[in-house]
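Okay, target_39.cif is below, mmCIF, C-alpha atoms and all ligand atoms:
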```
data_structure
loop_
_atom_site.label_atom_id
_atom_site.label_comp_id
_atom_site.auth_asym_id
_atom_site.auth_seq_id
_atom_site.Cartn_x
_atom_site.Cartn_y
_atom_site.Cartn_z
CA MET A 1 6.38 2.31 1.74
CA LYS A 2 9.84 3.80 1.31
CA LYS A 3 12.28 1.87 3.44
CA GLY A 4 13.27 4.06 6.38
CA PRO A 5 11.68 5.83 9.35
CA GLU A 6 8.18 7.25 9.06
CA SER A 7 6.32 9.81 11.15
CA SER A 8 2.94 11.54 11.05
CA LYS A 9 2.06 15.18 11.71
CA GLU A 10 -1.13 17.03 12.51
CA LEU A 11 -2.70 19.15 9.78
CA SER A 12 -1.70 22.83 10.00
CA ARG A 13 -3.71 25.88 8.81
CA ASN A 14 -2.05 26.26 5.42
CA ASP A 15 -2.04 22.57 4.49
CA PRO A 16 -4.48 21.31 1.89
CA CYS A 17 -7.74 20.37 3.58
CA TRP A 18 -8.19 16.72 4.53
CA CYS A 19 -11.48 16.56 2.61
CA GLY A 20 -9.70 16.78 -0.76
CA SER A 21 -11.27 20.09 -1.85
CA GLY A 22 -7.83 21.46 -2.76
CA LYS A 23 -8.51 24.52 -0.58
CA LYS A 24 -6.34 25.37 2.39
CA PHE A 25 -7.45 23.75 5.64
CA LYS A 26 -8.08 27.20 7.23
CA LYS A 27 -10.36 28.21 4.29
CA CYS A 28 -12.24 24.94 4.32
CA HIS A 29 -12.92 22.60 7.23
CA LEU A 30 -10.90 24.35 9.99
CA GLY A 31 -13.22 25.02 12.92
CA ARG A 32 -16.06 23.25 11.12
CA GLU A 33 -16.43 19.56 10.58
CA GLN A 34 -13.27 17.78 11.71
CA PRO A 35 -11.77 14.61 10.25
CA PRO A 36 -12.56 11.52 12.31
CA PRO A 37 -10.29 11.53 15.40
CA ARG A 38 -7.20 9.41 15.19
CA PRO A 39 -7.30 6.77 17.87
CA LYS A 40 -4.49 6.93 20.43
CA ALA A 41 -1.80 4.31 20.03
CA SER A 42 -2.30 1.22 22.10
CA VAL A 43 -0.45 1.29 25.41
CA SER A 44 0.64 -2.30 24.97
CA GLN A 45 3.69 -1.80 22.80
CA ASN A 46 6.74 -4.00 22.63
CA PRO A 47 10.25 -2.54 22.90
CA ARG A 48 10.57 -2.16 19.12
CA ARG A 49 7.45 0.03 19.17
CA ILE A 50 5.39 -2.41 17.14
CA LEU A 51 1.76 -1.92 18.13
CA ILE A 52 -0.20 -4.82 19.51
CA LYS A 53 -3.72 -3.87 18.49
CA THR A 54 -6.62 -3.87 20.91
CA GLU A 55 -9.89 -5.60 20.03
CA GLU A 56 -11.45 -2.17 19.44
CA GLN A 57 -8.65 -1.19 17.07
CA LEU A 58 -8.90 -4.55 15.28
CA GLU A 59 -12.62 -3.98 14.72
CA GLY A 60 -11.85 -0.61 13.10
CA ILE A 61 -9.05 -2.02 10.96
CA ARG A 62 -11.32 -4.86 9.81
CA LYS A 63 -13.84 -2.27 8.63
CA SER A 64 -11.32 -0.14 6.72
CA SER A 65 -9.76 -3.28 5.21
CA ARG A 66 -13.17 -4.48 3.99
CA LEU A 67 -13.81 -1.12 2.33
CA THR A 68 -10.35 -1.24 0.73
CA ARG A 69 -11.18 -4.69 -0.68
CA ASP A 70 -14.58 -3.49 -1.92
CA LEU A 71 -12.97 -0.50 -3.68
CA LEU A 72 -10.55 -2.87 -5.44
CA ASP A 73 -13.50 -5.08 -6.45
CA MET A 74 -15.19 -1.98 -7.93
CA ILE A 75 -12.04 -1.18 -9.93
CA GLU A 76 -11.82 -4.79 -11.10
CA ASP A 77 -15.36 -4.54 -12.50
CA ARG A 78 -14.70 -1.30 -14.36
CA ILE A 79 -11.06 -1.22 -15.47
CA GLU A 80 -10.45 -1.65 -19.22
CA ALA A 81 -8.50 -0.31 -22.17
CA GLY A 82 -9.45 3.27 -23.02
CA ILE A 83 -9.86 4.63 -19.50
CA SER A 84 -7.35 7.01 -17.90
CA THR A 85 -5.71 6.60 -14.53
CA ASN A 86 -7.43 9.86 -13.55
CA GLN A 87 -10.71 8.00 -14.08
CA ILE A 88 -9.62 5.31 -11.60
CA ASN A 89 -8.70 8.08 -9.17
CA GLU A 90 -12.16 9.62 -9.51
CA TRP A 91 -13.90 6.29 -8.91
CA VAL A 92 -11.86 5.66 -5.77
CA HIS A 93 -12.14 9.22 -4.47
CA GLU A 94 -15.91 9.49 -4.96
CA GLU A 95 -16.78 6.04 -3.65
CA THR A 96 -14.50 6.42 -0.60
CA LEU A 97 -16.23 9.69 0.35
CA ALA A 98 -19.65 8.18 -0.39
CA GLN A 99 -18.84 5.49 2.19
CA GLY A 100 -17.96 8.14 4.79
CA ALA A 101 -14.26 7.31 4.58
CA ILE A 102 -11.09 9.21 3.64
CA PRO A 103 -8.63 8.24 0.88
CA ALA A 104 -5.32 7.98 2.78
CA PRO A 105 -2.94 8.77 -0.13
CA LEU A 106 -4.46 12.23 -0.78
CA ASN A 107 -2.06 14.85 0.62
CA TYR A 108 -0.05 12.12 2.32
CA GLY A 109 3.60 12.74 3.05
CA ARG A 110 3.84 16.45 3.62
CA GLY A 111 7.52 17.26 3.79
CA LYS A 112 8.41 14.29 1.58
CA GLY A 113 9.62 14.31 -2.01
CA PRO A 114 11.35 17.27 -3.72
CA ARG A 115 10.17 20.58 -2.22
CA GLY A 116 8.04 18.52 0.17
CA ARG A 117 5.21 17.83 -2.24
CA PRO A 118 2.49 15.64 -0.75
CA PHE A 119 0.96 12.85 -2.82
CA PRO A 120 -1.64 14.70 -4.93
CA LYS A 121 -4.24 11.97 -5.63
CA SER A 122 -6.42 9.45 -3.81
CA VAL A 123 -4.93 6.23 -5.19
CA CYS A 124 -1.64 5.00 -6.65
CA THR A 125 -1.67 3.71 -10.24
CA SER A 126 1.58 2.08 -11.39
CA ILE A 127 1.79 0.99 -15.02
CA ASN A 128 4.33 -1.44 -16.58
CA GLU A 129 7.87 -0.36 -15.49
CA VAL A 130 6.46 1.75 -12.65
CA ILE A 131 7.22 -0.10 -9.41
CA CYS A 132 4.90 1.84 -7.10
CA HIS A 133 3.47 5.28 -6.17
CA GLY A 134 2.45 6.16 -9.73
CA ILE A 135 0.32 9.35 -9.78
CA PRO A 136 -2.99 9.17 -11.69
CA ASN A 137 -2.99 11.42 -14.76
CA GLU A 138 -4.29 11.63 -18.34
CA GLN A 139 -2.50 8.44 -19.41
CA ILE A 140 -4.92 6.03 -21.11
CA LEU A 141 -4.71 2.30 -20.45
CA VAL A 142 -4.00 0.37 -23.63
CA ASP A 143 -4.09 -3.27 -24.63
CA GLY A 144 -0.94 -4.97 -23.28
CA ASP A 145 -0.52 -2.80 -20.18
CA ILE A 146 -0.21 -4.18 -16.67
CA ILE A 147 -1.20 -1.88 -13.83
CA ASN A 148 -1.08 -1.98 -10.05
CA VAL A 149 -3.84 -0.08 -8.27
CA ASP A 150 -3.05 0.56 -4.59
CA VAL A 151 -5.94 1.63 -2.35
CA THR A 152 -5.72 2.75 1.27
CA CYS A 153 -8.75 4.10 3.10
CA ILE A 154 -9.35 5.52 6.55
CA VAL A 155 -12.57 4.52 8.33
CA ASP A 156 -13.18 6.08 11.77
CA GLY A 157 -9.45 6.81 11.93
CA TYR A 158 -8.32 3.26 11.08
CA PHE A 159 -6.33 2.29 7.96
CA GLY A 160 -6.65 -0.64 5.53
CA ASP A 161 -4.14 -1.01 2.68
CA ALA A 162 -4.16 -3.36 -0.34
CA SER A 163 -3.26 -3.47 -4.01
CA ARG A 164 -3.83 -5.70 -7.01
CA MET A 165 -2.51 -6.08 -10.53
CA PHE A 166 -4.80 -5.77 -13.54
CA ILE A 167 -3.96 -7.02 -17.02
CA ILE A 168 -5.36 -4.89 -19.83
CA GLY A 169 -6.32 -6.94 -22.89
CA GLU A 170 -3.78 -9.40 -24.23
CA VAL A 171 -0.23 -9.58 -22.85
CA PRO A 172 2.71 -11.88 -23.69
CA ASP A 173 2.89 -15.10 -21.62
CA ALA A 174 6.02 -13.82 -19.86
CA THR A 175 4.17 -10.72 -18.66
CA ARG A 176 1.20 -12.71 -17.38
CA LYS A 177 3.62 -15.02 -15.60
CA LEU A 178 5.31 -12.09 -13.81
CA VAL A 179 1.91 -10.91 -12.57
CA GLU A 180 0.84 -14.40 -11.43
CA GLU A 181 4.13 -15.32 -9.79
CA THR A 182 4.21 -12.02 -7.91
CA ARG A 183 0.80 -12.92 -6.52
CA LYS A 184 2.28 -16.29 -5.58
CA CYS A 185 5.11 -14.43 -3.78
CA LEU A 186 2.51 -12.62 -1.66
CA GLU A 187 0.74 -15.91 -0.89
CA LEU A 188 4.01 -17.61 0.11
CA GLY A 189 4.81 -14.64 2.36
CA ILE A 190 1.38 -14.81 4.00
CA ALA A 191 1.86 -18.55 4.62
CA GLN A 192 4.80 -17.67 6.90
CA VAL A 193 2.78 -15.41 9.21
CA ARG A 194 2.21 -16.85 12.68
CA PRO A 195 2.89 -15.75 16.27
CA GLY A 196 6.40 -16.83 17.24
CA GLY A 197 7.73 -16.51 13.69
CA LYS A 198 10.12 -13.80 12.49
CA THR A 199 9.53 -11.24 9.77
CA GLY A 200 12.61 -12.58 7.95
CA ASP A 201 10.66 -15.82 7.35
CA ILE A 202 8.30 -13.81 5.14
CA GLY A 203 11.06 -12.11 3.17
CA HIS A 204 12.94 -15.35 2.68
CA ALA A 205 9.91 -17.17 1.24
CA ILE A 206 9.25 -14.32 -1.20
CA GLN A 207 12.87 -13.87 -2.28
CA THR A 208 13.43 -17.60 -2.78
CA HIS A 209 10.42 -17.94 -5.08
CA ALA A 210 11.08 -14.76 -7.07
CA GLU A 211 14.75 -15.47 -7.65
CA SER A 212 14.12 -19.12 -8.57
CA LEU A 213 12.24 -17.73 -11.58
CA GLY A 214 14.98 -15.26 -12.51
CA TYR A 215 13.11 -12.22 -11.16
CA SER A 216 14.43 -9.71 -8.64
CA VAL A 217 12.97 -8.33 -5.40
CA VAL A 218 12.79 -4.53 -5.05
CA ARG A 219 14.78 -3.52 -1.95
CA ASP A 220 13.92 0.19 -1.76
CA PHE A 221 10.30 -0.28 -0.61
CA CYS A 222 8.80 -2.64 1.93
CA GLY A 223 5.64 -3.70 3.75
CA HIS A 224 4.78 -2.06 7.06
CA GLY A 225 2.73 -2.11 10.20
CA VAL A 226 -0.66 -0.52 9.49
CA GLY A 227 -3.95 0.28 11.17
CA VAL A 228 -3.63 3.13 13.65
CA GLU A 229 -1.30 4.97 11.25
CA PHE A 230 -0.70 4.55 7.52
CA HIS A 231 2.89 3.40 8.05
CA GLU A 232 3.91 1.92 11.39
CA ALA A 233 6.70 -0.33 12.61
CA PRO A 234 7.75 -2.98 11.71
CA GLN A 235 9.19 -2.81 8.21
CA ILE A 236 8.37 -6.01 6.33
CA LEU A 237 11.24 -6.67 3.93
CA HIS A 238 10.49 -8.86 0.92
CA TYR A 239 13.91 -10.53 1.11
CA GLY A 240 15.98 -11.92 3.95
CA SER A 241 16.84 -14.95 6.04
CA PRO A 242 14.59 -17.20 8.11
CA GLY A 243 14.74 -16.60 11.86
CA THR A 244 15.90 -12.99 11.50
CA GLY A 245 14.05 -9.68 11.88
CA ASP A 246 11.19 -8.85 14.25
CA LEU A 247 9.22 -11.37 16.27
CA MET A 248 5.63 -11.73 15.05
CA GLN A 249 3.14 -11.55 17.91
CA GLU A 250 -0.60 -12.07 18.18
CA ASN A 251 -2.60 -8.95 17.23
CA MET A 252 0.09 -7.27 15.20
CA VAL A 253 -1.25 -5.99 11.87
CA PHE A 254 1.02 -5.34 8.90
CA THR A 255 1.09 -5.37 5.13
CA ILE A 256 3.01 -7.67 2.84
CA GLU A 257 3.42 -6.04 -0.58
CA PRO A 258 6.19 -7.59 -2.69
CA MET A 259 7.40 -5.62 -5.71
CA ILE A 260 9.01 -8.01 -8.18
CA ASN A 261 10.96 -6.91 -11.27
CA MET A 262 11.52 -8.92 -14.42
CA GLY A 263 15.03 -7.44 -14.62
CA ARG A 264 17.25 -5.70 -12.11
CA PRO A 265 15.96 -4.66 -8.64
CA GLU A 266 17.11 -1.01 -8.62
CA SER A 267 14.58 1.82 -8.63
CA ARG A 268 14.70 5.55 -9.29
CA ILE A 269 12.19 8.27 -8.52
CA LEU A 270 10.87 10.51 -11.32
CA GLY A 271 10.87 14.33 -11.12
CA ASP A 272 7.35 14.34 -9.61
CA GLY A 273 8.99 13.12 -6.40
CA TRP A 274 6.86 9.97 -6.11
CA THR A 275 6.78 7.70 -9.15
CA ALA A 276 9.26 4.84 -8.65
CA VAL A 277 10.38 3.10 -11.84
CA THR A 278 12.78 0.27 -12.63
CA VAL A 279 16.21 1.63 -13.56
CA ASP A 280 16.54 -0.87 -16.44
CA GLY A 281 13.01 -0.23 -17.77
CA SER A 282 11.92 -3.82 -17.05
CA LEU A 283 8.36 -4.65 -16.02
CA SER A 284 7.44 -4.64 -12.33
CA ALA A 285 4.48 -6.20 -10.51
CA GLN A 286 3.08 -5.87 -6.98
CA TRP A 287 0.28 -7.33 -4.85
CA GLU A 288 -0.54 -6.22 -1.31
CA HIS A 289 -2.72 -7.34 1.60
CA THR A 290 -3.26 -6.18 5.19
CA ILE A 291 -2.64 -9.14 7.52
CA HIS A 292 -3.70 -9.72 11.14
CA VAL A 293 -1.47 -12.06 13.19
CA THR A 294 -3.92 -14.31 15.07
CA GLY A 295 -3.36 -16.84 17.85
CA GLU A 296 -3.26 -19.62 15.26
CA GLY A 297 -1.59 -18.03 12.25
CA CYS A 298 -3.07 -15.09 10.41
CA GLN A 299 -6.11 -13.63 8.77
CA VAL A 300 -6.03 -11.64 5.52
CA LEU A 301 -8.16 -8.60 6.36
CA THR A 302 -8.29 -7.23 2.79
CA GLY A 303 -9.11 -10.62 1.23
N1 LIG B 401 -0.32 2.36 -0.32
C1 LIG B 401 1.11 2.51 -0.34
C2 LIG B 401 1.65 1.42 0.55
O1 LIG B 401 1.32 0.30 0.29
C3 LIG B 401 1.59 3.84 0.10
C4 LIG B 401 1.18 4.94 -0.78
S1 LIG B 401 1.74 6.42 -0.16
C5 LIG B 401 1.22 7.51 -1.31
O2 LIG B 401 2.32 1.58 1.51
F1 LIG B 401 1.40 8.68 -0.80
F2 LIG B 401 1.92 7.33 -2.40
F3 LIG B 401 -0.04 7.30 -1.57
CO CO B 402 1.27 -0.65 2.14
CO CO B 403 -0.64 0.13 -0.41
#
```
Please lay out the structure from this file as structure tokens.
Ligand code: MF3
Ligand code: CO
Ligand code: CO
Amino acid sequence: MKKGPESSKELSRNDPCWCGSGKKFKKCHLGREQPPPRPKASVSQNPRRILIKTEEQLEGIRKSSRLTRDLLDMIEDRIEAGISTNQINEWVHEETLAQGAIPAPLNYGRGKGPRGRPFPKSVCTSINEVICHGIPNEQILVDGDIINVDVTCIVDGYFGDASRMFIIGEVPDATRKLVEETRKCLELGIAQVRPGGKTGDIGHAIQTHAESLGYSVVRDFCGHGVGVEFHEAPQILHYGSPGTGDLMQENMVFTIEPMINMGRPESRILGDGWTAVTVDGSLSAQWEHTIHVTGEGCQVLTG
């Protein structure tokens, strides 16, 4: 997510319908079938407004996280040179609906981006120097590409969020290493998650590993609380100092999603209002999981 405050709004009459038809809500599902109700936020919140999930909410988030994982497994089976990112979008969109779920990216972020354009597709596809939030289009995957596919689905109102890298054909050793070490960054971050720890422990572990290899950590986007909303408190920074940040408590749920650049960390957003690319054109990789803080440590819900 973009670093900074997030909020969610109800759908209004002239917004695109939640079902993805492209029609206005009032011309489509308004007054007919409604999207699954959004569960009310848990009453047990800490002062920093980080939700402590109830057992009922956790059950829902487990379900949406499992579907998110299954959708990524489907992509893993099918992705290859010669397909377009639009094709990936179609797979995700159709299979999500077939499972009775909603693709969370579609029409997300009304009021964001230039002229308030919402995200127009059901999945993010970020190729090579694209850091995140790439929009599926006619671009064909070719031998030597690396791509992040980021899936978020809503099941019974609950969100699960995960992404993986895919290597298309043969890539130079240095490229493969970036992809593998970024996955290692996510694993090292996850290893820090336990009740009583601080979110800065996660960022520190990731930053230390990435920078020891000469890579840089993207600062402009971060992980986030997830489950009842797409983007909740806290922000999970992928850099920082141990013992700083928010206290991790049992039954918090958040993502860790490090974006690691081969070159400099700065990003810029393309004219479509969403696609974030490296300013220096260097390659960028990202892996993401949804994590539940348990009494003992944590459980990876999208694993
Ligand atoms: N899935 C992304 C994340 O990890 C957010 C995508 S927002 C979208 O937080 F609108 F670009 F889809
Ligand atoms: Co996320
Ligand atoms: Co995501």
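Among A:Met165, A:Ile50, A:Cys222, A:Met1, the residue with the shortest atom-to-atom distance to Glu250 of chain A, counting all atoms listed in the file, is A:Ile50.
When all atoms listed in the file are used to compute distances to Ile75 of chain A, the closest of the residues A:Arg164, A:Arg264, A:His224, A:Lys3 turns out to be A:Arg164.
With distances restricted to all atoms listed in the file, A:Ser65 is the closest residue to Val300 of chain A from A:Ser65, A:Ser241, A:Asn148, A:Asn128.
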Counting all atoms listed in the file, what are the residues of chain A within 6 Å of ligand CO 403 (chain B), and for each of them which pair of atoms is the nearest and at what distance in Å, to one decimal? Sort the table by chain and rising number, as JSON lines.
```
{"residue": "A:Asp150", "atom": "CA", "partner": "B:CO403", "partner_atom": "CO", "distance": 4.8}
{"residue": "A:Val151", "atom": "CA", "partner": "B:CO403", "partner_atom": "CO", "distance": 5.8}
{"residue": "A:Thr152", "atom": "CA", "partner": "B:CO403", "partner_atom": "CO", "distance": 6.0}
{"residue": "A:Asp161", "atom": "CA", "partner": "B:CO403", "partner_atom": "CO", "distance": 4.8}
{"residue": "A:Ala162", "atom": "CA", "partner": "B:CO403", "partner_atom": "CO", "distance": 5.0}
{"residue": "A:Ser163", "atom": "CA", "partner": "B:CO403", "partner_atom": "CO", "distance": 5.7}
```
Step by step, measure atom-to-atom distances between ligand CO 402 (chain B) and each residue using all atoms listed in the file, keep those at most 12 Å, then write them as an mmCIF file with C-alpha atoms, keeping the file's coordinate frame.
```
data_model
loop_
_atom_site.group_PDB
_atom_site.id
_atom_site.type_symbol
_atom_site.label_atom_id
_atom_site.label_comp_id
_atom_site.auth_asym_id
_atom_site.auth_seq_id
_atom_site.Cartn_x
_atom_site.Cartn_y
_atom_site.Cartn_z
ATOM 1 C CA MET A 1 6.380 2.310 1.740
ATOM 2 C CA LYS A 2 9.840 3.800 1.310
ATOM 3 C CA LYS A 3 12.280 1.870 3.440
ATOM 4 C CA SER A 65 -9.760 -3.280 5.210
ATOM 5 C CA THR A 68 -10.350 -1.240 0.730
ATOM 6 C CA ALA A 104 -5.320 7.980 2.780
ATOM 7 C CA PRO A 105 -2.940 8.770 -0.130
ATOM 8 C CA VAL A 123 -4.930 6.230 -5.190
ATOM 9 C CA CYS A 124 -1.640 5.000 -6.650
ATOM 10 C CA CYS A 132 4.900 1.840 -7.100
ATOM 11 C CA HIS A 133 3.470 5.280 -6.170
ATOM 12 C CA VAL A 149 -3.840 -0.080 -8.270
ATOM 13 C CA ASP A 150 -3.050 0.560 -4.590
ATOM 14 C CA VAL A 151 -5.940 1.630 -2.350
ATOM 15 C CA THR A 152 -5.720 2.750 1.270
ATOM 16 C CA CYS A 153 -8.750 4.100 3.100
ATOM 17 C CA PHE A 159 -6.330 2.290 7.960
ATOM 18 C CA GLY A 160 -6.650 -0.640 5.530
ATOM 19 C CA ASP A 161 -4.140 -1.010 2.680
ATOM 20 C CA ALA A 162 -4.160 -3.360 -0.340
ATOM 21 C CA SER A 163 -3.260 -3.470 -4.010
ATOM 22 C CA ARG A 164 -3.830 -5.700 -7.010
ATOM 23 C CA PHE A 221 10.300 -0.280 -0.610
ATOM 24 C CA CYS A 222 8.800 -2.640 1.930
ATOM 25 C CA GLY A 223 5.640 -3.700 3.750
ATOM 26 C CA HIS A 224 4.780 -2.060 7.060
ATOM 27 C CA GLY A 225 2.730 -2.110 10.200
ATOM 28 C CA VAL A 226 -0.660 -0.520 9.490
ATOM 29 C CA GLY A 227 -3.950 0.280 11.170
ATOM 30 C CA GLU A 229 -1.300 4.970 11.250
ATOM 31 C CA PHE A 230 -0.700 4.550 7.520
ATOM 32 C CA HIS A 231 2.890 3.400 8.050
ATOM 33 C CA GLU A 232 3.910 1.920 11.390
ATOM 34 C CA ALA A 233 6.700 -0.330 12.610
ATOM 35 C CA PRO A 234 7.750 -2.980 11.710
ATOM 36 C CA GLN A 235 9.190 -2.810 8.210
ATOM 37 C CA ILE A 236 8.370 -6.010 6.330
ATOM 38 C CA LEU A 237 11.240 -6.670 3.930
ATOM 39 C CA VAL A 253 -1.250 -5.990 11.870
ATOM 40 C CA PHE A 254 1.020 -5.340 8.900
ATOM 41 C CA THR A 255 1.090 -5.370 5.130
ATOM 42 C CA ILE A 256 3.010 -7.670 2.840
ATOM 43 C CA GLU A 257 3.420 -6.040 -0.580
ATOM 44 C CA PRO A 258 6.190 -7.590 -2.690
ATOM 45 C CA MET A 259 7.400 -5.620 -5.710
ATOM 46 C CA GLN A 286 3.080 -5.870 -6.980
ATOM 47 C CA TRP A 287 0.280 -7.330 -4.850
ATOM 48 C CA GLU A 288 -0.540 -6.220 -1.310
ATOM 49 C CA HIS A 289 -2.720 -7.340 1.600
ATOM 50 C CA THR A 290 -3.260 -6.180 5.190
ATOM 51 C CA ILE A 291 -2.640 -9.140 7.520
ATOM 52 C CA THR A 302 -8.290 -7.230 2.790
#
```
Atom CA of Ser282 of chain A to atom CA of Ile206 of chain A, straight-line distance in Å
19.2 Å
